[in-house]
file upload.tsv (TSV, C-alpha atoms)
chain	number	residue	atom	x	y	z
A	1498	MET	CA	-10.90	5.10	-98.47
A	1499	THR	CA	-11.20	3.99	-94.85
A	1500	ASP	CA	-12.00	0.39	-94.08
A	1501	LYS	CA	-12.63	-0.70	-90.53
A	1502	ASN	CA	-12.61	-4.41	-91.30
A	1503	PRO	CA	-9.68	-5.64	-89.20
A	1504	LYS	CA	-9.13	-8.66	-91.48
A	1505	LYS	CA	-8.02	-6.32	-94.21
A	1506	MET	CA	-5.58	-4.44	-91.98
A	1507	VAL	CA	-2.05	-5.80	-92.10
A	1508	HIS	CA	1.04	-4.20	-90.62
A	1509	GLY	CA	-1.03	-1.12	-89.80
A	1510	GLY	CA	-1.70	-0.56	-93.50
A	1511	ASP	CA	-4.72	-1.29	-95.66
A	1512	ALA	CA	-3.91	-4.37	-97.74
A	1513	SER	CA	-6.94	-3.79	-99.95
A	1514	LEU	CA	-5.41	-0.56	-101.27
A	1515	GLU	CA	-4.39	-0.97	-104.90
A	1516	MET	CA	-1.18	0.84	-105.71
A	1517	THR	CA	-0.67	0.13	-109.38
A	1518	LEU	CA	1.64	2.33	-111.41
A	1519	ARG	CA	1.04	3.16	-115.06
A	1520	PRO	CA	4.02	4.03	-117.23
A	1521	VAL	CA	3.78	7.67	-118.37
A	1522	GLY	CA	6.69	7.28	-120.75
A	1523	VAL	CA	9.95	5.50	-121.38
A	1524	ILE	CA	13.66	6.35	-121.12
A	1525	ARG	CA	15.83	6.04	-124.23
A	1526	ASN	CA	19.63	6.11	-124.07
A	1527	ARG	CA	22.76	4.13	-124.87
A	1528	THR	CA	23.03	2.41	-121.49
A	1529	LYS	CA	21.79	-1.09	-122.25
A	1530	GLU	CA	22.99	-2.95	-119.15
A	1531	PRO	CA	22.62	-2.01	-115.48
A	1532	PHE	CA	25.83	-1.22	-113.58
A	1533	LEU	CA	24.56	-3.28	-110.68
A	1534	VAL	CA	22.82	-6.62	-111.15
A	1535	ALA	CA	20.59	-8.18	-108.52
A	1536	ASP	CA	19.52	-11.71	-107.70
A	1537	HIS	CA	17.99	-13.35	-104.62
A	1538	GLU	CA	21.32	-13.24	-102.77
A	1539	GLY	CA	22.25	-9.61	-103.24
A	1540	ILE	CA	23.62	-7.12	-105.71
A	1541	ALA	CA	26.87	-7.25	-107.67
A	1542	MET	CA	28.83	-4.81	-109.78
A	1543	GLN	CA	29.36	-5.54	-113.46
A	1544	GLY	CA	33.14	-5.48	-113.88
A	1545	GLU	CA	35.75	-3.76	-111.72
A	1546	LEU	CA	35.11	-0.75	-109.48
A	1547	ASP	CA	37.18	1.82	-111.39
A	1548	ASP	CA	35.68	0.72	-114.67
A	1549	THR	CA	32.14	0.88	-113.29
A	1550	VAL	CA	32.67	4.37	-111.85
A	1551	ARG	CA	34.05	5.56	-115.21
A	1552	ARG	CA	31.06	4.05	-117.03
A	1553	VAL	CA	28.69	5.84	-114.65
A	1554	HIS	CA	30.44	9.19	-115.22
A	1555	ARG	CA	30.36	8.67	-118.99
A	1556	ALA	CA	26.66	7.77	-118.90
A	1557	ASP	CA	25.96	10.90	-116.83
A	1558	ARG	CA	27.40	13.13	-119.53
A	1559	GLU	CA	25.50	11.42	-122.32
A	1560	MET	CA	22.12	12.64	-123.40
A	1561	SER	CA	19.04	10.58	-122.52
A	1562	GLU	CA	15.58	11.05	-123.94
A	1563	ILE	CA	12.49	10.88	-121.80
A	1564	VAL	CA	9.67	10.03	-124.19
A	1565	ILE	CA	6.34	10.91	-122.57
A	1566	ASN	CA	3.17	9.21	-123.84
A	1567	GLU	CA	1.74	11.40	-126.59
A	1568	ASP	CA	-1.72	11.52	-125.03
A	1569	LEU	CA	-0.15	13.15	-121.93
A	1570	ILE	CA	1.62	15.99	-123.72
A	1571	ASP	CA	-0.29	18.71	-121.81
A	1572	ILE	CA	1.33	17.44	-118.61
A	1573	LEU	CA	4.63	18.98	-119.79
A	1574	GLU	CA	3.27	22.51	-120.24
A	1575	GLY	CA	5.65	25.00	-118.61
A	1576	ILE	CA	8.27	22.38	-117.73
A	1577	ASP	CA	10.85	24.19	-119.89
A	1578	GLU	CA	11.14	26.86	-117.17
A	1579	TYR	CA	13.05	24.42	-114.95
A	1580	SER	CA	16.77	23.75	-115.35
A	1581	HIS	CA	16.53	20.49	-113.41
A	1582	LEU	CA	13.86	17.85	-112.84
A	1583	THR	CA	13.36	14.94	-110.46
A	1584	VAL	CA	12.61	11.74	-112.37
A	1585	LEU	CA	11.07	8.61	-110.85
A	1586	TYR	CA	11.40	5.44	-112.91
A	1587	TRP	CA	10.96	1.69	-112.51
A	1588	ALA	CA	13.99	-0.59	-112.30
A	1589	HIS	CA	12.48	-2.98	-114.85
A	1590	GLN	CA	15.52	-5.24	-115.04
A	1591	VAL	CA	15.54	-6.00	-111.33
A	1592	PRO	CA	14.12	-9.53	-111.03
A	1593	GLU	CA	10.96	-9.93	-108.98
A	1594	MET	CA	12.72	-12.16	-106.41
A	1595	SER	CA	15.18	-9.36	-105.60
A	1596	ARG	CA	12.34	-7.32	-104.14
A	1597	ALA	CA	12.52	-9.65	-101.12
A	1598	LEU	CA	16.09	-8.62	-100.22
A	1599	THR	CA	16.41	-6.70	-96.95
A	1600	ARG	CA	20.19	-6.18	-96.65
A	1601	VAL	CA	23.04	-5.80	-99.14
A	1602	HIS	CA	26.67	-4.82	-99.26
A	1603	PRO	CA	26.50	-1.35	-100.88
A	1604	MET	CA	27.46	-1.61	-104.58
A	1605	GLY	CA	27.88	-5.34	-104.03
A	1606	ARG	CA	31.27	-4.69	-102.40
A	1607	ALA	CA	32.50	-7.04	-99.69
A	1608	ASP	CA	34.51	-4.14	-98.17
A	1609	MET	CA	31.27	-2.28	-97.43
A	1610	PRO	CA	29.19	-3.20	-94.36
A	1611	LEU	CA	26.07	-5.32	-94.79
A	1612	THR	CA	23.39	-2.60	-94.67
A	1613	GLY	CA	19.60	-2.45	-94.69
A	1614	ILE	CA	18.30	-1.64	-98.19
A	1615	PHE	CA	16.62	1.61	-97.02
A	1616	GLY	CA	20.05	2.99	-96.12
A	1617	THR	CA	21.45	2.19	-99.58
A	1618	CYS	CA	20.85	3.18	-103.21
A	1619	SER	CA	20.44	-0.48	-104.23
A	1620	PRO	CA	18.19	-0.84	-107.29
A	1621	ALA	CA	16.83	-4.02	-105.71
A	1622	ARG	CA	14.28	-2.83	-103.14
A	1623	PRO	CA	10.75	-3.86	-102.10
A	1624	ASN	CA	9.40	-1.24	-104.51
A	1625	PRO	CA	12.05	-0.66	-107.19
A	1626	VAL	CA	11.15	2.99	-107.79
A	1627	LEU	CA	14.42	4.78	-108.51
A	1628	MET	CA	14.96	8.52	-108.36
A	1629	THR	CA	17.44	10.82	-110.02
A	1630	VAL	CA	17.74	14.58	-110.56
A	1631	VAL	CA	18.53	15.42	-114.19
A	1632	ARG	CA	19.49	18.54	-116.11
A	1633	LEU	CA	16.88	19.49	-118.70
A	1634	CYS	CA	18.65	20.41	-121.94
A	1635	GLY	CA	15.70	20.73	-124.29
A	1636	ARG	CA	12.24	19.60	-125.28
A	1637	LYS	CA	10.66	18.76	-128.59
A	1638	GLY	CA	6.97	18.08	-128.08
A	1639	ASN	CA	6.66	15.01	-125.87
A	1640	VAL	CA	10.42	14.28	-125.77
A	1641	LEU	CA	12.71	15.73	-123.08
A	1642	SER	CA	16.47	15.69	-123.62
A	1643	VAL	CA	18.36	15.40	-120.32
A	1644	THR	CA	21.78	14.57	-118.90
A	1645	ASP	CA	22.73	12.92	-115.59
A	1646	LEU	CA	19.96	10.33	-115.88
A	1647	ASP	CA	21.21	7.25	-114.10
A	1648	ALA	CA	18.76	4.82	-115.78
A	1649	ILE	CA	19.05	2.17	-118.45
A	1650	ASP	CA	17.40	2.17	-121.84
A	1651	GLY	CA	13.77	1.12	-121.76
A	1652	SER	CA	13.10	2.05	-118.12
A	1653	PRO	CA	9.43	2.96	-117.64
A	1654	VAL	CA	8.92	6.50	-116.36
A	1655	ILE	CA	6.69	6.82	-113.30
A	1656	ASP	CA	6.73	10.53	-112.53
A	1657	ILE	CA	8.53	13.81	-113.16
A	1658	LYS	CA	8.60	16.48	-110.45
A	1659	PRO	CA	10.11	19.95	-110.16
A	1660	TYR	CA	13.60	20.14	-108.69
A	1661	VAL	CA	13.65	23.10	-106.30
A	1662	ARG	CA	16.98	23.26	-104.51
A	1663	ASP	CA	15.63	25.05	-101.44
A	1664	PHE	CA	13.17	22.22	-100.75
A	1665	PHE	CA	16.14	20.02	-99.82
A	1666	PRO	CA	18.05	20.29	-96.54
A	1667	GLN	CA	21.42	22.00	-96.95
A	1668	GLU	CA	22.88	22.07	-93.44
A	1669	ASN	CA	23.91	19.53	-90.82
A	1670	VAL	CA	23.36	16.59	-93.17
A	1671	GLN	CA	25.09	13.46	-91.92
A	1672	ILE	CA	25.78	10.26	-93.83
A	1673	PRO	CA	27.56	7.01	-92.86
A	1674	GLY	CA	31.33	6.65	-93.23
A	1675	TRP	CA	31.02	4.04	-96.00
A	1676	MET	CA	28.86	6.43	-98.05
A	1677	GLN	CA	31.49	9.18	-97.61
A	1678	LYS	CA	34.09	6.69	-98.89
A	1679	ILE	CA	32.00	5.95	-102.01
A	1680	GLN	CA	31.59	9.69	-102.61
A	1681	ARG	CA	35.35	10.26	-102.34
A	1682	GLU	CA	36.07	7.41	-104.76
A	1683	CYS	CA	33.57	8.73	-107.29
A	1684	GLU	CA	35.05	12.25	-107.03
A	1685	ARG	CA	38.55	10.88	-107.66
A	1686	SER	CA	37.50	9.05	-110.83
A	1687	ARG	CA	35.63	12.02	-112.27
A	1688	PRO	CA	37.07	12.90	-115.68
B	988	MET	CA	11.71	-8.80	-119.64
B	989	THR	CA	11.81	-8.03	-123.35
B	990	ASP	CA	8.77	-8.70	-125.47
B	991	LYS	CA	8.87	-8.19	-129.20
B	992	ASN	CA	5.13	-8.59	-129.70
B	993	PRO	CA	4.16	-5.19	-131.14
B	994	LYS	CA	0.58	-5.54	-129.91
B	995	LYS	CA	1.86	-5.27	-126.38
B	996	MET	CA	3.93	-2.15	-127.05
B	997	VAL	CA	2.10	1.07	-126.34
B	998	HIS	CA	3.60	4.53	-126.20
B	999	GLY	CA	7.04	2.98	-126.59
B	1000	GLY	CA	6.61	1.16	-123.26
B	1001	ASP	CA	5.77	-2.43	-122.47
B	1002	ALA	CA	2.14	-2.52	-121.37
B	1003	SER	CA	2.52	-6.07	-120.09
B	1004	LEU	CA	4.92	-4.88	-117.40
B	1005	GLU	CA	3.32	-5.11	-113.99
B	1006	MET	CA	4.29	-2.25	-111.71
B	1007	THR	CA	2.48	-2.99	-108.49
B	1008	LEU	CA	3.61	-1.37	-105.28
B	1009	ARG	CA	3.43	-3.10	-101.91
B	1010	PRO	CA	3.17	-0.93	-98.78
B	1011	VAL	CA	6.30	-1.37	-96.65
B	1012	GLY	CA	4.80	0.58	-93.78
B	1013	VAL	CA	2.46	3.40	-92.82
B	1014	ILE	CA	2.80	7.02	-91.69
B	1015	ARG	CA	1.27	8.03	-88.37
B	1016	ASN	CA	0.82	11.67	-87.37
B	1017	ARG	CA	-1.75	14.28	-86.37
B	1018	THR	CA	-2.42	15.57	-89.89
B	1019	LYS	CA	-5.76	14.00	-90.72
B	1020	GLU	CA	-6.78	16.04	-93.77
B	1021	PRO	CA	-4.76	16.93	-96.87
B	1022	PHE	CA	-3.91	20.62	-97.37
B	1023	LEU	CA	-4.84	20.28	-101.02
B	1024	VAL	CA	-7.87	18.32	-102.20
B	1025	ALA	CA	-8.24	16.99	-105.73
B	1026	ASP	CA	-11.16	16.08	-107.93
B	1027	HIS	CA	-11.58	15.56	-111.68
B	1028	GLU	CA	-11.44	19.31	-112.33
B	1029	GLY	CA	-8.28	20.22	-110.46
B	1030	ILE	CA	-6.87	20.83	-107.02
B	1031	ALA	CA	-8.04	23.25	-104.35
B	1032	MET	CA	-6.64	24.52	-101.08
B	1033	GLN	CA	-8.48	23.78	-97.86
B	1034	GLY	CA	-9.10	27.22	-96.35
B	1035	GLU	CA	-7.21	30.47	-96.95
B	1036	LEU	CA	-3.62	30.73	-98.17
B	1037	ASP	CA	-2.05	32.17	-95.01
B	1038	ASP	CA	-3.83	29.65	-92.85
B	1039	THR	CA	-2.76	26.77	-95.10
B	1040	VAL	CA	0.87	27.89	-95.09
B	1041	ARG	CA	0.80	28.16	-91.29
B	1042	ARG	CA	-0.72	24.69	-91.03
B	1043	VAL	CA	2.01	23.29	-93.27
B	1044	HIS	CA	4.76	24.92	-91.16
B	1045	ARG	CA	3.16	23.59	-87.97
B	1046	ALA	CA	2.87	20.09	-89.44
B	1047	ASP	CA	6.54	20.21	-90.49
B	1048	ARG	CA	7.65	20.81	-86.90
B	1049	GLU	CA	5.48	18.04	-85.52
B	1050	MET	CA	6.82	14.54	-85.13
B	1051	SER	CA	5.59	11.84	-87.48
B	1052	GLU	CA	6.13	8.13	-87.07
B	1053	ILE	CA	7.04	5.89	-89.96
B	1054	VAL	CA	5.95	2.40	-88.91
B	1055	ILE	CA	7.75	-0.16	-91.07
B	1056	ASN	CA	6.23	-3.65	-91.42
B	1057	GLU	CA	7.70	-5.79	-88.66
B	1058	ASP	CA	8.78	-8.54	-91.06
B	1059	LEU	CA	11.00	-5.99	-92.83
B	1060	ILE	CA	12.90	-4.78	-89.77
B	1061	ASP	CA	16.32	-5.84	-91.17
B	1062	ILE	CA	15.81	-3.32	-93.98
B	1063	LEU	CA	16.43	-0.52	-91.44
B	1064	GLU	CA	19.84	-1.78	-90.29
B	1065	GLY	CA	22.32	1.11	-90.25
B	1066	ILE	CA	19.72	3.75	-91.10
B	1067	ASP	CA	20.42	5.56	-87.82
B	1068	GLU	CA	23.69	6.84	-89.31
B	1069	TYR	CA	21.75	9.25	-91.54
B	1070	SER	CA	20.47	12.61	-90.29
B	1071	HIS	CA	17.98	12.88	-93.19
B	1072	LEU	CA	16.04	10.41	-95.33
B	1073	THR	CA	14.08	10.59	-98.57
B	1074	VAL	CA	10.60	9.11	-98.11
B	1075	LEU	CA	8.31	8.00	-100.95
B	1076	TYR	CA	4.67	7.50	-100.04
B	1077	TRP	CA	1.33	7.04	-101.74
B	1078	ALA	CA	-1.23	9.89	-101.79
B	1079	HIS	CA	-3.99	7.51	-100.72
B	1080	GLN	CA	-6.65	10.22	-100.39
B	1081	VAL	CA	-6.28	11.41	-103.97
B	1082	PRO	CA	-9.30	10.01	-105.81
B	1083	GLU	CA	-8.61	7.66	-108.72
B	1084	MET	CA	-10.20	10.07	-111.23
B	1085	SER	CA	-7.70	12.80	-110.32
B	1086	ARG	CA	-4.92	10.67	-111.81
B	1087	ALA	CA	-6.26	11.72	-115.23
B	1088	LEU	CA	-5.55	15.45	-114.63
B	1089	THR	CA	-2.81	16.89	-116.86
B	1090	ARG	CA	-2.79	20.58	-115.86
B	1091	VAL	CA	-3.58	22.48	-112.66
B	1092	HIS	CA	-3.24	25.92	-111.17
B	1093	PRO	CA	-0.42	25.39	-108.61
B	1094	MET	CA	-1.88	25.09	-105.10
B	1095	GLY	CA	-5.32	25.49	-106.70
B	1096	ARG	CA	-4.71	29.26	-106.94
B	1097	ALA	CA	-6.30	31.18	-109.81
B	1098	ASP	CA	-3.42	33.71	-109.64
B	1099	MET	CA	-0.97	30.98	-110.63
B	1100	PRO	CA	-0.62	29.96	-114.31
B	1101	LEU	CA	-2.29	26.78	-115.52
B	1102	THR	CA	0.70	24.41	-115.52
B	1103	GLY	CA	1.40	20.83	-116.58
B	1104	ILE	CA	1.32	18.51	-113.56
B	1105	PHE	CA	4.97	17.44	-114.03
B	1106	GLY	CA	6.04	21.03	-113.37
B	1107	THR	CA	4.06	21.20	-110.12
B	1108	CYS	CA	4.01	19.50	-106.72
B	1109	SER	CA	0.31	18.63	-107.11
B	1110	PRO	CA	-0.59	15.49	-105.12
B	1111	ALA	CA	-2.93	14.56	-108.00
B	1112	ARG	CA	-0.68	13.05	-110.67
B	1113	PRO	CA	-0.82	10.01	-112.97
B	1114	ASN	CA	1.13	8.06	-110.35
B	1115	PRO	CA	0.50	9.71	-106.97
B	1116	VAL	CA	3.89	8.83	-105.50
B	1117	LEU	CA	4.89	11.77	-103.30
B	1118	MET	CA	8.40	12.49	-102.06
B	1119	THR	CA	9.72	14.39	-99.09
B	1120	VAL	CA	13.06	14.67	-97.30
B	1121	VAL	CA	12.69	14.27	-93.54
B	1122	ARG	CA	14.92	14.69	-90.51
B	1123	LEU	CA	15.44	11.44	-88.64
B	1124	CYS	CA	15.08	12.08	-84.92
B	1125	GLY	CA	15.13	8.55	-83.57
B	1126	ARG	CA	14.30	4.92	-84.07
B	1127	LYS	CA	12.75	2.30	-81.83
B	1128	GLY	CA	12.79	-1.05	-83.60
B	1129	ASN	CA	10.59	-0.74	-86.67
B	1130	VAL	CA	9.39	2.80	-85.88
B	1131	LEU	CA	11.23	5.89	-87.15
B	1132	SER	CA	10.48	9.28	-85.57
B	1133	VAL	CA	10.88	12.11	-88.08
B	1134	THR	CA	10.02	15.77	-88.63
B	1135	ASP	CA	9.28	17.68	-91.86
B	1136	LEU	CA	7.17	14.85	-93.26
B	1137	ASP	CA	4.58	16.47	-95.50
B	1138	ALA	CA	2.17	13.50	-95.48
B	1139	ILE	CA	-1.17	12.78	-93.88
B	1140	ASP	CA	-1.92	10.12	-91.31
B	1141	GLY	CA	-2.34	6.66	-92.80
B	1142	SER	CA	-0.30	7.27	-95.96
B	1143	PRO	CA	1.23	3.99	-97.17
B	1144	VAL	CA	5.03	4.08	-97.31
B	1145	ILE	CA	6.55	2.98	-100.63
B	1146	ASP	CA	10.27	3.44	-100.09
B	1147	ILE	CA	12.92	5.08	-97.93
B	1148	LYS	CA	16.22	6.16	-99.47
B	1149	PRO	CA	19.36	7.84	-98.15
B	1150	TYR	CA	19.47	11.62	-98.40
B	1151	VAL	CA	22.96	12.59	-99.55
B	1152	ARG	CA	23.16	16.33	-100.16
B	1153	ASP	CA	25.95	16.11	-102.70
B	1154	PHE	CA	23.84	13.89	-104.98
B	1155	PHE	CA	21.59	16.90	-105.65
B	1156	PRO	CA	22.54	19.79	-107.96
B	1157	GLN	CA	23.53	22.91	-106.03
B	1158	GLU	CA	24.42	25.45	-108.72
B	1159	ASN	CA	22.64	27.14	-111.63
B	1160	VAL	CA	19.27	25.74	-110.63
B	1161	GLN	CA	16.42	27.65	-112.26
B	1162	ILE	CA	12.72	27.52	-111.38
B	1163	PRO	CA	9.69	29.37	-112.80
B	1164	GLY	CA	8.67	32.79	-111.47
B	1165	TRP	CA	5.45	31.49	-109.93
B	1166	MET	CA	7.42	28.89	-107.94
B	1167	GLN	CA	9.76	31.64	-106.67
B	1168	LYS	CA	6.66	33.56	-105.55
B	1169	ILE	CA	5.34	30.55	-103.61
B	1170	GLN	CA	8.76	30.13	-101.97
B	1171	ARG	CA	8.83	33.81	-100.90
B	1172	GLU	CA	5.32	33.56	-99.45
B	1173	CYS	CA	6.19	30.42	-97.50
B	1174	GLU	CA	9.36	32.05	-96.17
B	1175	ARG	CA	7.38	35.11	-94.98
B	1176	SER	CA	4.87	32.98	-93.07
B	1177	ARG	CA	7.52	30.87	-91.36
B	1178	PRO	CA	7.12	31.17	-87.59

call {"tool": "encode", "arguments": {"input": "upload.tsv", "output": "structure tokens"}}
result
Amino acid sequence: MTDKNPKKMVHGGDASLEMTLRPVGVIRNRTKEPFLVADHEGIAMQGELDDTVRRVHRADREMSEIVINEDLIDILEGIDEYSHLTVLYWAHQVPEMSRALTRVHPMGRADMPLTGIFGTCSPARPNPVLMTVVRLCGRKGNVLSVTDLDAIDGSPVIDIKPYVRDFFPQENVQIPGWMQKIQRECERSRP
Amino acid sequence: MTDKNPKKMVHGGDASLEMTLRPVGVIRNRTKEPFLVADHEGIAMQGELDDTVRRVHRADREMSEIVINEDLIDILEGIDEYSHLTVLYWAHQVPEMSRALTRVHPMGRADMPLTGIFGTCSPARPNPVLMTVVRLCGRKGNVLSVTDLDAIDGSPVIDIKPYVRDFFPQENVQIPGWMQKIQRECERSRP
């Protein structure tokens, strides 16, 4: 795993390391279009803010299926004992060129400050691995039924992990003012 | 992005989709060996349980550096306004063959039930993308100083995301009995 050849070392990392993901399954739901679209210039909301927020809330309540590859079914053994799961998936509709973006206006909104991608939830990122915590409602064999999955139909699944609340910091958590504003707006539009 | 050729469709996913990760940086700290080692048969703890738990607690308190590639420095703009960040990194010391594991005894302990990988925090998984929420203590240019980073020295960084507490479920979260036991043991050994 170690390689002392300095020619292969870039940015302090080992450029020869292969990090190739294999889809372990696919997400199936009724959300066919992303709420945010990305190109080489940035990200943009589809439609108006209020409408987008309502669409997101509606999608959260709807059931999604996570269809795990049948040859991996053993990997789900015991998963039913969790009420919630962390799902990693690939933003497969983000165009390749959008991976080069470094800053965006959060949610594509001009009233939000231009912010480095790592401080935003932009789907366009150098590695478009998106994460969401879902509620597990049931399982039939290799198919999990979940709600609150903020992914579009056909998204390749990368990983599923336990969600254990106490593993996440609960106190003295600070976030930027613009993120607090987005939270307040989402709360207001909740049905 | 869509491809109707059925030969390319496997497991309901599109096998032609390339999901290659590019390291955006590297983790630097004093943890040189993983706490859990993996081979084709499963995972095993290095040393005794109490000692391992103490080592994990000690490592959590120690400062790690996340060195982001210099050409990506704009991607960190505004990140200082967060107290906590979600870090995705690659388990680069997990051997390739361990990606084929589907079930393990959590923490390599025979007293824990054989469990599907997706219900465990095993570093050996089909896609060894590990996740941890860290406390951001400071930034100097492209270098973030953080605590609570459960990664070993040299781990390639895949992504950094905001940590927003309210995005994570807080109520009615259920976990298996064996996971509750691990939590209690970790709590007891906390210095």

call {"tool": "residues_around", "arguments": {"input": "upload.tsv", "residues": "Ser1176 of chain B", "least_positions_apart": "4", "cutoff": "9 Å", "atoms": "all atoms listed in the file", "output": "PyMOL selection string"}}
result
chain B and resi 1037+1040-1041+1044+1171-1172

call {"tool": "write_last_selection", "arguments": {"input": "upload.tsv", "atoms": "C-alpha atoms", "output": "PDB file, keeping the file's coordinate frame"}}
result
ATOM      1  CA  ASP B1037      -2.050  32.170 -95.010  1.00  0.00           C
ATOM      2  CA  VAL B1040       0.870  27.890 -95.090  1.00  0.00           C
ATOM      3  CA  ARG B1041       0.800  28.160 -91.290  1.00  0.00           C
ATOM      4  CA  HIS B1044       4.760  24.920 -91.160  1.00  0.00           C
ATOM      5  CA  ARG B1171       8.830  33.810-100.900  1.00  0.00           C
ATOM      6  CA  GLU B1172       5.320  33.560 -99.450  1.00  0.00           C
TER       7      GLU B1172
END

call {"tool": "closest_residue", "arguments": {"input": "upload.tsv", "among": "A:Ala1648, A:Val1670, A:Val1601, A:Leu1641", "to": "chain B", "atoms": "all atoms listed in the file"}}
result
A:Val1670

call {"tool": "atom_distance", "arguments": {"input": "upload.tsv", "atom1": "atom CA of Glu1567 of chain A", "atom2": "atom CA of Gln1161 of chain B"}}
result
26.2 Å

call {"tool": "atom_distance", "arguments": {"input": "upload.tsv", "atom1": "atom CA of Ala1535 of chain A", "atom2": "atom CA of Asp1645 of chain A"}}
result
22.4 Å

call {"tool": "closest_residue", "arguments": {"input": "upload.tsv", "among": "B:Ile1162, B:Met1099, B:Met1094, B:Ile1060", "to": "Leu1633 of chain A", "atoms": "all atoms listed in the file"}}
result
B:Ile1162
